[in-house]
>>> print(open('query.txt').read())   # compact mmCIF, C-alpha atoms and all ligand atoms
# COMPACT_ATOMS: atom_id res chain seq x y z
CA MET P 1463 0.00 0.00 0.00
CA ASN P 1464 1.51 3.34 -0.94
CA SER P 1465 1.63 6.19 1.54
CA LYS P 1466 -0.91 8.32 -0.30
CA ARG P 1467 -3.52 5.57 -0.04
CA LYS P 1468 -2.70 5.10 3.65
CA ASN P 1469 -3.28 8.80 4.33
CA THR P 1470 -6.68 8.70 2.67
CA GLN P 1471 -7.65 5.74 4.84
CA LEU P 1472 -6.52 7.52 7.99
CA GLU P 1473 -8.63 10.52 7.02
CA THR P 1474 -11.76 8.44 6.57
CA GLN P 1475 -11.26 7.07 10.10
CA LYS P 1476 -11.21 10.59 11.56
CA GLY P 1477 -14.79 10.43 12.73
CA MET P 1478 -16.77 7.29 13.37
CA LEU P 1479 -19.58 8.91 11.40
CA GLU P 1480 -18.64 11.02 8.40
CA ILE P 1481 -21.35 12.92 6.58
CA LYS P 1482 -19.92 13.92 3.24
CA SER P 1483 -21.41 16.65 1.11
CA LEU P 1484 -25.03 15.55 1.48
CA THR P 1485 -27.45 17.27 -0.84
CA LYS P 1486 -31.22 16.79 -0.83
CA SER P 1487 -33.89 18.75 -2.69
CA PHE P 1488 -37.65 18.51 -2.66
CA GLN P 1489 -40.14 19.77 -5.18
CA SER P 1490 -42.21 22.56 -3.65
CA GLY P 1491 -45.93 23.04 -4.29
CA SER P 1492 -45.23 25.30 -7.26
CA GLY P 1493 -43.02 22.61 -8.78
CA ALA P 1494 -39.76 24.48 -8.11
CA LEU P 1495 -36.88 22.49 -6.64
CA ARG P 1496 -35.95 23.56 -3.10
CA ILE P 1497 -32.53 22.60 -1.81
CA ILE P 1498 -32.96 21.48 1.80
CA LEU P 1499 -29.49 20.08 2.48
CA ASP P 1500 -26.74 21.80 0.52
CA GLU P 1501 -23.47 19.82 0.39
CA LEU P 1502 -23.71 19.39 4.15
CA SER P 1503 -20.76 17.75 5.89
CA LEU P 1504 -20.26 16.70 9.52
CA SER P 1505 -17.94 14.44 11.43
CA VAL P 1506 -19.12 12.73 14.63
CA GLN P 1507 -16.65 10.95 16.91
CA ASP P 1508 -17.19 7.67 18.68
CA GLY P 1509 -19.31 8.35 21.78
CA GLU P 1510 -19.82 12.03 20.97
CA SER P 1511 -23.12 13.79 21.69
CA VAL P 1512 -24.38 16.36 19.20
CA ALA P 1513 -27.45 18.60 19.18
CA ILE P 1514 -28.91 19.93 15.94
CA VAL P 1515 -31.08 23.01 16.28
CA GLY P 1516 -32.70 25.24 13.71
CA PRO P 1517 -35.99 26.76 12.63
CA SER P 1518 -38.95 24.60 11.71
CA GLY P 1519 -38.68 23.52 8.09
CA SER P 1520 -34.90 23.95 7.97
CA GLY P 1521 -34.33 20.28 7.18
CA LYS P 1522 -33.49 18.71 10.57
CA THR P 1523 -35.77 15.70 10.10
CA THR P 1524 -34.60 15.34 6.50
CA LEU P 1525 -31.01 15.16 7.77
CA LEU P 1526 -31.76 12.59 10.48
CA ASN P 1527 -33.70 10.48 7.98
CA MET P 1528 -30.60 10.38 5.76
CA LEU P 1529 -28.37 9.42 8.70
CA GLY P 1530 -30.75 6.62 9.59
CA ALA P 1531 -30.92 5.56 5.93
CA LEU P 1532 -34.69 6.08 5.92
CA ASP P 1533 -34.25 8.21 2.81
CA ARG P 1534 -31.54 8.63 0.18
CA PRO P 1535 -29.68 11.85 -0.63
CA ASP P 1536 -29.52 13.29 -4.16
CA SER P 1537 -25.75 13.22 -3.81
CA GLY P 1538 -23.12 12.77 -1.12
CA ASP P 1539 -22.69 9.86 1.26
CA VAL P 1540 -22.59 8.85 4.91
CA LEU P 1541 -19.66 6.72 6.09
CA LEU P 1542 -19.86 4.68 9.27
CA ASN P 1543 -16.39 3.54 10.36
CA GLY P 1544 -15.21 4.23 6.84
CA GLU P 1545 -17.95 2.16 5.21
CA SER P 1546 -20.33 3.80 2.75
CA VAL P 1547 -23.97 3.59 3.78
CA PHE P 1548 -25.58 4.49 0.47
CA SER P 1549 -23.65 2.03 -1.66
CA LYS P 1550 -25.30 -0.82 0.27
CA ASN P 1551 -28.06 -2.79 -1.45
CA GLU P 1552 -31.56 -2.79 0.08
CA LYS P 1553 -30.94 -5.92 2.17
CA ARG P 1554 -27.70 -4.56 3.69
CA LEU P 1555 -29.37 -1.18 4.19
CA ALA P 1556 -32.17 -2.83 6.19
CA GLU P 1557 -29.55 -4.63 8.30
CA PHE P 1558 -27.72 -1.35 8.83
CA ARG P 1559 -30.93 0.35 10.02
CA ASN P 1560 -31.65 -2.53 12.38
CA GLN P 1561 -28.13 -3.10 13.79
CA SER P 1562 -26.17 0.13 13.61
CA ILE P 1563 -28.80 2.82 14.15
CA GLY P 1564 -31.30 3.46 16.90
CA PHE P 1565 -34.10 5.92 16.17
CA VAL P 1566 -36.29 7.79 18.65
CA PHE P 1567 -39.08 9.98 17.28
CA GLN P 1568 -41.10 12.79 18.85
CA LEU P 1569 -44.02 10.40 19.30
CA HIS P 1570 -43.03 7.01 20.64
CA HIS P 1571 -44.67 4.82 17.94
CA LEU P 1572 -45.01 1.86 20.32
CA LEU P 1573 -47.39 -0.91 19.27
CA PRO P 1574 -50.46 -0.60 21.53
CA GLN P 1575 -51.27 -4.32 21.59
CA LEU P 1576 -47.81 -5.33 22.86
CA THR P 1577 -46.45 -4.99 26.39
CA LEU P 1578 -43.60 -2.63 27.12
CA ILE P 1579 -41.02 -5.45 27.14
CA GLU P 1580 -42.41 -6.94 23.91
CA ASN P 1581 -42.13 -3.53 22.24
CA ILE P 1582 -38.50 -3.26 23.36
CA LEU P 1583 -37.66 -6.71 21.97
CA LEU P 1584 -39.38 -6.13 18.62
CA PRO P 1585 -36.22 -5.02 16.71
CA VAL P 1586 -34.54 -8.30 17.76
CA LEU P 1587 -37.31 -10.23 15.98
CA ALA P 1588 -36.69 -8.33 12.76
CA GLN P 1589 -33.45 -10.30 12.34
CA GLN P 1590 -34.18 -13.62 14.04
CA SER P 1591 -37.21 -15.82 14.72
CA ALA P 1592 -36.97 -15.93 18.52
CA VAL P 1593 -35.61 -13.79 21.34
CA ASP P 1594 -32.31 -15.25 22.61
CA SER P 1595 -31.07 -15.06 26.20
CA THR P 1596 -28.50 -12.32 25.39
CA SER P 1597 -31.23 -10.04 24.02
CA ARG P 1598 -33.46 -10.79 27.00
CA LYS P 1599 -30.62 -9.88 29.38
CA ARG P 1600 -29.95 -6.72 27.38
CA ALA P 1601 -33.65 -5.73 27.62
CA GLU P 1602 -33.60 -6.32 31.39
CA GLU P 1603 -30.48 -4.18 31.77
CA LEU P 1604 -32.10 -1.36 29.75
CA ILE P 1605 -35.41 -1.33 31.63
CA LEU P 1606 -33.47 -1.05 34.90
CA LYS P 1607 -31.38 1.86 33.59
CA LEU P 1608 -34.49 3.59 32.28
CA SER P 1609 -36.49 2.95 35.51
CA ILE P 1610 -39.33 1.14 33.72
CA ALA P 1611 -38.65 -2.40 35.00
CA GLU P 1612 -41.79 -2.54 37.13
CA LEU P 1613 -43.90 -1.52 34.11
CA GLN P 1614 -42.61 -4.21 31.76
CA ASN P 1615 -45.90 -6.11 31.45
CA GLN P 1616 -48.05 -3.01 30.97
CA LYS P 1617 -49.24 -1.86 27.58
CA PRO P 1618 -48.49 1.63 26.19
CA GLY P 1619 -52.08 2.80 26.85
CA GLN P 1620 -51.45 2.31 30.57
CA LEU P 1621 -48.25 4.37 30.62
CA SER P 1622 -47.47 8.10 30.80
CA GLY P 1623 -45.88 9.96 27.88
CA GLY P 1624 -42.50 9.96 29.62
CA GLU P 1625 -42.68 6.22 30.32
CA CYS P 1626 -43.61 5.51 26.69
CA GLN P 1627 -40.71 7.63 25.47
CA ARG P 1628 -38.27 5.84 27.80
CA THR P 1629 -39.58 2.56 26.39
CA ALA P 1630 -38.93 3.89 22.88
CA VAL P 1631 -35.34 4.69 23.92
CA ALA P 1632 -34.87 1.13 25.22
CA ARG P 1633 -36.27 -0.23 21.94
CA ALA P 1634 -33.84 1.97 19.98
CA LEU P 1635 -30.89 0.66 22.03
CA ILE P 1636 -31.78 -3.05 22.19
CA ASN P 1637 -29.45 -4.04 19.31
CA GLN P 1638 -26.57 -1.93 20.70
CA PRO P 1639 -26.46 0.51 17.80
CA LYS P 1640 -23.38 2.65 17.20
CA ILE P 1641 -25.51 5.78 16.88
CA LEU P 1642 -28.71 6.90 18.51
CA LEU P 1643 -30.69 9.40 16.43
CA ALA P 1644 -33.45 11.30 18.23
CA ASP P 1645 -35.86 13.68 16.48
CA GLU P 1646 -37.33 16.10 19.04
CA PRO P 1647 -37.57 13.27 21.61
CA THR P 1648 -38.81 15.57 24.38
CA GLY P 1649 -41.12 17.62 22.13
CA ALA P 1650 -44.32 16.01 23.39
CA LEU P 1651 -43.34 15.77 27.08
CA ASP P 1652 -43.96 17.99 30.10
CA GLN P 1653 -40.99 19.78 31.67
CA GLN P 1654 -40.26 17.17 34.32
CA SER P 1655 -40.43 14.16 31.97
CA SER P 1656 -38.43 16.11 29.42
CA ASN P 1657 -35.62 16.82 31.90
CA GLN P 1658 -35.60 13.21 33.04
CA LEU P 1659 -35.38 11.93 29.45
CA ALA P 1660 -32.59 14.41 28.64
CA ASP P 1661 -30.53 13.16 31.61
CA LEU P 1662 -31.16 9.52 30.67
CA LEU P 1663 -30.08 10.07 27.05
CA LEU P 1664 -26.82 11.60 28.26
CA GLN P 1665 -26.27 8.87 30.85
CA LEU P 1666 -26.77 6.16 28.20
CA ASN P 1667 -24.51 8.03 25.77
CA ARG P 1668 -21.70 7.96 28.37
CA GLU P 1669 -22.27 4.43 29.67
CA GLU P 1670 -22.82 2.73 26.34
CA ARG P 1671 -20.45 4.87 24.23
CA THR P 1672 -23.26 5.22 21.70
CA SER P 1673 -22.92 8.42 19.71
CA LEU P 1674 -25.97 10.60 20.15
CA ILE P 1675 -27.43 12.98 17.58
CA VAL P 1676 -30.45 14.87 18.85
CA VAL P 1677 -32.67 17.31 17.00
CA THR P 1678 -34.31 19.53 19.57
CA HIS P 1679 -35.99 22.85 20.28
CA SER P 1680 -35.10 22.48 23.95
CA MET P 1681 -32.04 24.55 24.85
CA ASN P 1682 -31.95 22.61 28.13
CA LEU P 1683 -31.40 19.36 26.19
CA ALA P 1684 -29.10 20.92 23.56
CA SER P 1685 -26.84 22.53 26.16
CA LYS P 1686 -26.11 19.12 27.73
CA MET P 1687 -24.51 17.86 24.49
CA ASP P 1688 -20.80 18.06 23.61
CA LYS P 1689 -21.58 20.15 20.53
CA ILE P 1690 -24.48 22.19 19.17
CA TYR P 1691 -24.91 22.78 15.43
CA GLN P 1692 -27.41 25.15 13.87
CA LEU P 1693 -28.95 24.00 10.58
CA GLU P 1694 -29.60 26.96 8.31
CA ASN P 1695 -29.63 27.37 4.53
CA GLY P 1696 -28.82 23.70 4.09
CA LYS P 1697 -25.60 23.77 6.09
CA LEU P 1698 -24.51 23.19 9.69
CA GLN P 1699 -22.80 25.88 11.76
CA LEU P 1700 -21.06 24.92 14.98
CA THR P 1701 -22.42 27.13 17.77
CA LYS P 1702 -21.01 25.33 20.82
CA ALA P 1703 -17.94 23.07 20.98
N1 LIG U 1 -40.99 14.10 1.32
C1 LIG U 1 -41.02 15.42 1.13
N2 LIG U 1 -41.52 15.96 0.00
C2 LIG U 1 -41.53 17.30 -0.22
N3 LIG U 1 -41.06 18.20 0.66
C3 LIG U 1 -40.55 17.73 1.82
C4 LIG U 1 -40.51 16.32 2.13
N4 LIG U 1 -39.94 16.16 3.35
C5 LIG U 1 -39.65 17.41 3.78
N5 LIG U 1 -40.02 18.34 2.88
C6 LIG U 1 -39.81 19.80 3.01
O1 LIG U 1 -38.47 20.03 3.35
C7 LIG U 1 -38.37 21.07 4.32
C8 LIG U 1 -37.63 20.57 5.55
O2 LIG U 1 -38.46 19.66 6.25
P1 LIG U 1 -38.00 18.96 7.59
O3 LIG U 1 -36.73 18.23 7.36
O4 LIG U 1 -39.15 18.17 8.08
O5 LIG U 1 -37.72 20.23 8.54
P2 LIG U 1 -37.56 20.32 10.12
O6 LIG U 1 -37.47 18.93 10.66
O7 LIG U 1 -36.30 21.11 10.33
O8 LIG U 1 -38.75 21.07 10.62
C9 LIG U 1 -39.79 21.53 4.58
O9 LIG U 1 -40.03 22.66 3.79
C10 LIG U 1 -40.63 20.36 4.16
O10 LIG U 1 -41.89 20.78 3.73
MG MG U 2 -38.65 17.91 12.05
>>> encode(input="query.txt", output="structure tokens", more="lines below")
Ligand SMILES: Nc1ncnc2c1ncn2[C@@H]1O[C@H](COP(=O)(O)OP(=O)(O)O)[C@@H](O)[C@H]1O
Ligand SMILES: [Mg+2]
Amino acid sequence: MNSKRKNTQLETQKGMLEIKSLTKSFQSGSGALRIILDELSLSVQDGESVAIVGPSGSGKTTLLNMLGALDRPDSGDVLLNGESVFSKNEKRLAEFRNQSIGFVFQLHHLLPQLTLIENILLPVLAQQSAVDSTSRKRAEELILKLSIAELQNQKPGQLSGGECQRTAVARALINQPKILLADEPTGALDQQSSNQLADLLLQLNREERTSLIVVTHSMNLASKMDKIYQLENGKLQLTKA
């Protein structure tokens, strides 16, 4: 291997997650093309916590959807540990979503007919036919950390918003993803539940070394992260390092 090639490889290992020149446009109502993400780049280190803030409609959800491979960019790529996400075929992309990424949305999206523990174990069943003892142990560890152990046989309809959201966090972490993506995770919670969830997300980020990327309007949550980026005009500006 020549030294030039070696250098390039070292560079790609700089951040665990490398977002490279992502561009995404949508057609507006009038038919004009609107650029939402404009050659946006970002590097996220192993275990780092990052907040993304910005006005409504600035493209925060669009960006998270790309990072979670829920949508494809027009151009650019995302590299996880040097490996290109968007050159994967559909099967590998589904595996990537299931194994490497955890997603928490503003609304918990738990299945109402399943118990809390069954909801948490659902992503395990996407890849295998039965829950193994390692996954069961992992689920038990998570419900203890998230203080929902005593609720494990309840259904979502019997739980508070904060308890449902903590369940959604456990579900996102069950497969030990490298990155946890959260899109306004405290947006539908009252102040107390919101603060509790913010502290838990940070605690899990430290204990599990899972990188955390959170889109939020809450300055309380954003200020707890290592870095804050503002998304504006399709690009990210670092506002706190
Ligand atoms: N699938 C889509 N089709 C067309 N326009 C979209 C689509 N998704 C998002 N948009 C537009 O892109 C812009 C950014 O949306 P979004 O990423 O949801 O912003 P944010 O999460 O920052 O509020 C908005 O103007 C929205 O209407
Ligand atoms: Mg959004």
>>> residues_around(input="query.txt", residues="segment 1685-1688 of chain P", least_positions_apart="5", cutoff="8 Å", atoms="only C-alpha atoms", output="ChimeraX atom specification")
/P:1510-1513,1664,1702-1703
>>> residues_around(input="query.txt", residues="Asp1536 of chain P", least_positions_apart="2", cutoff="8 Å", atoms="all atoms listed in the file", output="number ranges by chain")
P: 1484-1487, 1534, 1538
>>> write_last_selection(input="query.txt", atoms="C-alpha atoms", output="compact mmCIF listing (two decimals), in the frame of the given file")
# COMPACT_ATOMS: atom_id res chain seq x y z
CA LEU P 1484 -25.03 15.55 1.48
CA THR P 1485 -27.45 17.27 -0.84
CA LYS P 1486 -31.22 16.79 -0.83
CA SER P 1487 -33.89 18.75 -2.69
CA ARG P 1534 -31.54 8.63 0.18
CA GLY P 1538 -23.12 12.77 -1.12
>>> atom_distance(input="query.txt", atom1="atom CA of Glu1694 of chain P", atom2="atom CA of Gly1516 of chain P")
6.5 Å
>>> residues_around(input="query.txt", residues="segment 1669-1683 of chain P", least_positions_apart="4", cutoff="7 Å", atoms="all atoms listed in the file", output="ChimeraX atom specification")
/P:1508-1515,1522,1639-1646,1660,1665
>>> axis_aligned_box(input="query.txt", around="ligand LIG 1 (chain U)", padding_each_side="8 Å", output="JSON")
{"center_x": -39.1, "center_y": 18.4, "center_z": 5.2, "size_x": 21.6, "size_y": 24.6, "size_z": 26.9}
>>> residues_around(input="query.txt", residues="Glu1603 of chain P", least_positions_apart="5", cutoff="10 Å", atoms="all atoms listed in the file", output="ChimeraX atom specification")
/P:1597-1598,1608,1611,1632,1636
>>> residues_around(input="query.txt", residues="Leu1504 of chain P", least_positions_apart="6", cutoff="9 Å", atoms="all atoms listed in the file", output="PyMOL selection string")
chain P and resi 1477+1479-1483+1698
>>> atom_distance(input="query.txt", atom1="atom CA of Leu1529 of chain P", atom2="atom CA of Ser1591 of chain P")
27.4 Å
>>> closest_residue(input="query.txt", among="P:Leu1495, P:Leu1569, P:Ala1556, P:Cys1626", to="ligand MG 2 (chain U)", atoms="all atoms listed in the file")
P:Leu1569
>>> residues_near_ligand(input="query.txt", ligand="ligand LIG 1 (chain U)", cutoff="9 Å", atoms="only C-alpha atoms and all ligand atoms", output="list in words")
Lys1486, Ser1487, Phe1488, Gln1489, Ser1490, Gly1491, Arg1496, Ile1497, Ile1498, Leu1499, Val1515, Gly1516, Pro1517, Ser1518, Gly1519, Ser1520, Gly1521, Lys1522, Thr1523, Thr1524, Leu1525, Leu1526, Asn1527, Asp1645, Glu1646, Val1677 and Leu1693 of chain P
